[in-house]
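Trainee: Mind looking over this structure? Questions follow.
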Amino acid sequence: MTEDLERKTTPWLTGGLDWEGVAAALACLLVGLLLSWVWDPLFWVGFAAMIAALMAARWSNRVAPDLANGIVAPCDGVVVSVTRTDAPGEMRMTDTATTRIRISSSPAATNRLYAPIAGSLESLITEDGEHSVPFAMRPDADGLAVSYLLFESRAQQVGVRIATGGLGPRQELEAETGDIMRLGRVFGKRRLGGWCDVYVPANAGQLIWPGQTLVGGETVLGRLKSGMDEDEFESMSGEAGELPLGVTDDDEIEEDDYPEPDEADTPDDPAVMLARLKEATKNKPED
């Protein structure tokens with residue numbers, strides 16, 4: 001059932017802050033106040049840390065579209081590029097020829113991550129980052145905290161690579177291999193932005209372009225190939241050269257069973273019948 005927003009006095013209020021983020025922000029503010037006793041400008045160090053903690057704690061409720069084969073954005077951000085490339089080996093995709101959708105998220109982006117398709121989480125690999133790399137300026141830089149996730153639905157796979165800075169608890173995944181997920185389900189958090197590469201099948205329909213702003217869990221990136229493939233269709237409709245439906249090997253189809261149009265019985269035209277009747281009356285001998 002859809003939620004009745006008319007009963008809410010503030011339907012636009014769909015987000016909030018994580019409690020651990022609020023606690024961290026208050027701790028940073030307290031540290032800044034203590035440092036200000038030593039030297040006043042040091043207060044701003046704690047204040048900047050407080051702002052960063054609040055940005056890392058931001059989240060928002062999202063409503064996924066009702067699409068059986070839809071692919072949605074796993075996070076908030078901007079599409080940087082859409083290119084054909086091979087999926088990384090850590091992704092463990094069956095078909096390595098994919099289309100990569102690269103998304104860049106700002107530090108102020110909301111922190112929740114959303115399942116791109118409805119299906120199961122088949123693979124999950126995480127790599128810890130280095131504290132010496134606090135910011136993810138480049139998507140493929142060394143020392144980043146990286147996670148590789150593989151989602152599968154009806155033998156079709158979508159891979160997600162999440163990268164962010166290595167300083168602090170930047171990634172927190174709340175899913176395990178084998179979990180069944182609906183479209184747009186929250187499966188983790190990524191704090192203070194970073195990069196997200198979505199690897200979709202090369203034959204998937206695409207609905208986005210570089211420069212587009214995405215809303216995680218809601219914006220549709222494309223659609224998986226719907227319907228059955230050619231092999232499945234042939235298995236249900238019959239191989240090439242099979243007898244038509246309802247005809248068995250014992251039945252023989254003769255050419256005479258299907259007469260040509262000239263041989264078929266067709267009703268006479270009423271005008272022609274009347275002309276023939278008049279001609280017969282004239283030629284009839286009188287008594």
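Chains: A, B, ... in order of the structure tokens. Residues: from 1 per chain. Ligands: from 1, in order shown.
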Show me, as a ChimeraX atom specification, the residues that have an atom within 7 Å of Cys75 (chain A) when counting only C-alpha atoms, minus same-chain residues fewer than 3 positions from it.

Mentor: /A:112-114,215-217

Trainee: Write out as a PyMOL selection string which residues come within 8 Å of Pro134 (chain A) when counting only C-alpha atoms, dropping same-chain ones fewer than 5 positions away.

Mentor: chain A and resi 165-167

Trainee: Might you pull out every residue within 9 Å of region 94-105 of chain A, with only C-alpha atoms counted and same-chain residues fewer than 6 positions away left off, and present them as a PyMOL selection string?

Mentor: chain A and resi 73+75-88+139+157+192-204+210+214+221

Trainee: If we count only C-alpha atoms, what is near Ala25 (chain A) at a cut-off of 8 Å, once residues fewer than 4 positions away on the same chain are taken out, given as a PDB file with N, CA and C atoms, in the first residue's frame?

Mentor:
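And here is the file that came out, around-v6.pdb:
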ATOM      1  N   GLY A  21      26.187   9.981  14.248  1.00  0.00           N
ATOM      2  CA  GLY A  21      26.754  11.186  13.647  1.00  0.00           C
ATOM      3  C   GLY A  21      26.517  12.409  14.501  1.00  0.00           C
ATOM      4  N   LEU A  29      32.425  19.426  18.707  1.00  0.00           N
ATOM      5  CA  LEU A  29      32.171  20.765  19.237  1.00  0.00           C
ATOM      6  C   LEU A  29      32.796  20.929  20.620  1.00  0.00           C
ATOM      7  N   ALA A  49      35.229  20.034  12.106  1.00  0.00           N
ATOM      8  CA  ALA A  49      35.002  18.602  12.296  1.00  0.00           C
ATOM      9  C   ALA A  49      33.540  18.320  12.620  1.00  0.00           C
ATOM     10  N   MET A  50      32.893  19.209  13.356  1.00  0.00           N
ATOM     11  CA  MET A  50      31.481  19.046  13.666  1.00  0.00           C
ATOM     12  C   MET A  50      30.631  19.092  12.391  1.00  0.00           C
ATOM     13  N   ILE A  51      30.918  20.035  11.504  1.00  0.00           N
ATOM     14  CA  ILE A  51      30.173  20.141  10.246  1.00  0.00           C
ATOM     15  C   ILE A  51      30.353  18.878   9.405  1.00  0.00           C
ATOM     16  N   ALA A  52      31.603  18.380   9.352  1.00  0.00           N
ATOM     17  CA  ALA A  52      31.864  17.158   8.586  1.00  0.00           C
ATOM     18  C   ALA A  52      31.093  15.980   9.159  1.00  0.00           C
ATOM     19  N   ALA A  53      31.005  15.892  10.483  1.00  0.00           N
ATOM     20  CA  ALA A  53      30.270  14.792  11.108  1.00  0.00           C
ATOM     21  C   ALA A  53      28.778  14.873  10.796  1.00  0.00           C
ATOM     22  N   LEU A  54      28.236  16.083  10.763  1.00  0.00           N
ATOM     23  CA  LEU A  54      26.816  16.240  10.451  1.00  0.00           C
ATOM     24  C   LEU A  54      26.531  15.882   8.991  1.00  0.00           C
TER      25      LEU A  54
END

Trainee: Mind pulling up the distance from CA of Leu207 (chain A) to CA of Ala145 (chain A)?

Mentor: 29.1 Å

Trainee: Can you list every residue in region 3-146 of chain A that DSSP puts in strand (DSSP E), as number ranges by chain?

Mentor: A: 15-17, 58-60, 70-72, 77-86, 97-105, 112-114, 119-127, 145-146

Trainee: Using N, CA and C atoms, can you write the selected residues to a file as a short mmCIF file (atom, residue, chain, number, x, y, z; two decimals), in the first residue's frame?

Mentor:
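Result file result.cif:
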data_model
loop_
_atom_site.label_atom_id
_atom_site.label_comp_id
_atom_site.auth_asym_id
_atom_site.auth_seq_id
_atom_site.Cartn_x
_atom_site.Cartn_y
_atom_site.Cartn_z
N GLY A 15 13.96 13.14 5.61
CA GLY A 15 15.33 12.80 5.95
C GLY A 15 15.63 13.05 7.41
N GLY A 16 16.88 12.86 7.76
CA GLY A 16 17.29 13.07 9.14
C GLY A 16 18.78 12.85 9.30
N LEU A 17 19.21 12.63 10.54
CA LEU A 17 20.61 12.43 10.88
C LEU A 17 20.74 11.14 11.70
N ARG A 58 23.91 12.53 7.35
CA ARG A 58 22.67 12.83 6.64
C ARG A 58 22.15 11.61 5.90
N TRP A 59 20.82 11.38 5.98
CA TRP A 59 20.16 10.33 5.23
C TRP A 59 18.81 10.84 4.77
N SER A 60 18.21 10.11 3.84
CA SER A 60 16.90 10.50 3.31
C SER A 60 16.12 9.26 2.91
N GLY A 70 13.76 -2.72 -13.60
CA GLY A 70 14.44 -1.44 -13.52
C GLY A 70 15.79 -1.51 -12.83
N ILE A 71 16.66 -0.56 -13.18
CA ILE A 71 17.96 -0.36 -12.53
C ILE A 71 17.98 1.05 -11.98
N VAL A 72 18.12 1.21 -10.68
CA VAL A 72 18.11 2.53 -10.07
C VAL A 72 19.51 2.90 -9.59
N GLY A 77 24.35 11.55 -6.59
CA GLY A 77 25.56 11.99 -7.27
C GLY A 77 25.29 12.51 -8.65
N VAL A 78 26.38 12.70 -9.41
CA VAL A 78 26.32 13.20 -10.78
C VAL A 78 26.99 12.18 -11.69
N VAL A 79 26.37 11.90 -12.84
CA VAL A 79 26.95 10.97 -13.80
C VAL A 79 28.16 11.62 -14.46
N VAL A 80 29.32 10.99 -14.30
CA VAL A 80 30.56 11.51 -14.87
C VAL A 80 30.76 10.98 -16.28
N SER A 81 30.51 9.69 -16.47
CA SER A 81 30.72 9.10 -17.79
C SER A 81 29.89 7.84 -17.92
N VAL A 82 29.61 7.48 -19.19
CA VAL A 82 28.94 6.22 -19.53
C VAL A 82 29.75 5.60 -20.66
N THR A 83 30.49 4.53 -20.34
CA THR A 83 31.41 3.94 -21.31
C THR A 83 31.28 2.43 -21.33
N ARG A 84 31.63 1.84 -22.48
CA ARG A 84 31.70 0.38 -22.60
C ARG A 84 33.08 -0.07 -22.13
N THR A 85 33.13 -0.96 -21.17
CA THR A 85 34.39 -1.44 -20.64
C THR A 85 34.18 -2.80 -19.98
N ASP A 86 35.27 -3.48 -19.70
CA ASP A 86 35.19 -4.77 -19.02
C ASP A 86 35.06 -4.55 -17.51
N ALA A 97 31.90 -8.04 -20.53
CA ALA A 97 31.63 -6.92 -21.43
C ALA A 97 30.39 -6.17 -20.93
N THR A 98 30.61 -5.02 -20.34
CA THR A 98 29.52 -4.28 -19.70
C THR A 98 29.59 -2.80 -20.05
N THR A 99 28.57 -2.10 -19.62
CA THR A 99 28.55 -0.64 -19.69
C THR A 99 28.75 -0.10 -18.28
N ARG A 100 29.76 0.77 -18.13
CA ARG A 100 30.05 1.32 -16.81
C ARG A 100 29.47 2.72 -16.69
N ILE A 101 28.66 2.91 -15.65
CA ILE A 101 28.11 4.23 -15.34
C ILE A 101 28.85 4.75 -14.12
N ARG A 102 29.67 5.77 -14.30
CA ARG A 102 30.49 6.30 -13.20
C ARG A 102 29.78 7.50 -12.56
N ILE A 103 29.62 7.42 -11.23
CA ILE A 103 28.89 8.45 -10.47
C ILE A 103 29.83 9.06 -9.45
N SER A 104 29.82 10.37 -9.35
CA SER A 104 30.61 11.09 -8.36
C SER A 104 29.67 11.75 -7.35
N SER A 105 29.94 11.53 -6.06
CA SER A 105 29.10 12.08 -4.99
C SER A 105 29.90 13.07 -4.16
N ARG A 112 23.16 6.98 2.46
CA ARG A 112 22.59 5.65 2.26
C ARG A 112 22.89 5.10 0.86
N LEU A 113 23.03 3.76 0.81
CA LEU A 113 23.26 3.04 -0.44
C LEU A 113 22.05 2.15 -0.71
N TYR A 114 21.66 2.05 -1.98
CA TYR A 114 20.41 1.37 -2.35
C TYR A 114 20.69 0.27 -3.36
N GLY A 119 16.74 -8.50 -6.58
CA GLY A 119 17.38 -9.79 -6.76
C GLY A 119 18.15 -10.19 -5.52
N SER A 120 19.23 -10.92 -5.73
CA SER A 120 20.05 -11.41 -4.63
C SER A 120 21.45 -10.84 -4.71
N LEU A 121 22.09 -10.73 -3.55
CA LEU A 121 23.48 -10.28 -3.48
C LEU A 121 24.37 -11.51 -3.60
N GLU A 122 25.02 -11.67 -4.74
CA GLU A 122 25.78 -12.88 -5.02
C GLU A 122 27.22 -12.81 -4.53
N SER A 123 27.81 -11.63 -4.48
CA SER A 123 29.21 -11.52 -4.09
C SER A 123 29.44 -10.18 -3.40
N LEU A 124 30.33 -10.19 -2.41
CA LEU A 124 30.68 -8.98 -1.66
C LEU A 124 32.14 -9.04 -1.26
N ILE A 125 32.92 -8.09 -1.73
CA ILE A 125 34.35 -8.00 -1.41
C ILE A 125 34.64 -6.58 -0.95
N THR A 126 35.33 -6.43 0.16
CA THR A 126 35.68 -5.12 0.69
C THR A 126 37.19 -5.02 0.86
N GLU A 127 37.72 -3.82 0.63
CA GLU A 127 39.13 -3.52 0.81
C GLU A 127 39.26 -2.29 1.69
N ALA A 145 39.16 3.16 0.30
CA ALA A 145 38.31 2.09 0.81
C ALA A 145 37.34 1.71 -0.31
N VAL A 146 37.37 0.45 -0.72
CA VAL A 146 36.61 0.01 -1.90
C VAL A 146 35.77 -1.21 -1.54
#

Trainee: Determine the nearest neighbour of Gly89 (chain A) from the options A:Arg138, A:Gly159, A:Arg62, A:Val133, counting only C-alpha atoms.

Mentor: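 Nearest to Gly89 (chain A): A:Gly159.
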
Trainee: Quote the spacing between CA of Leu33 (chain A) and CA of Gly46 (chain A) in Å to one decimal place.

Mentor: 7.5 Å
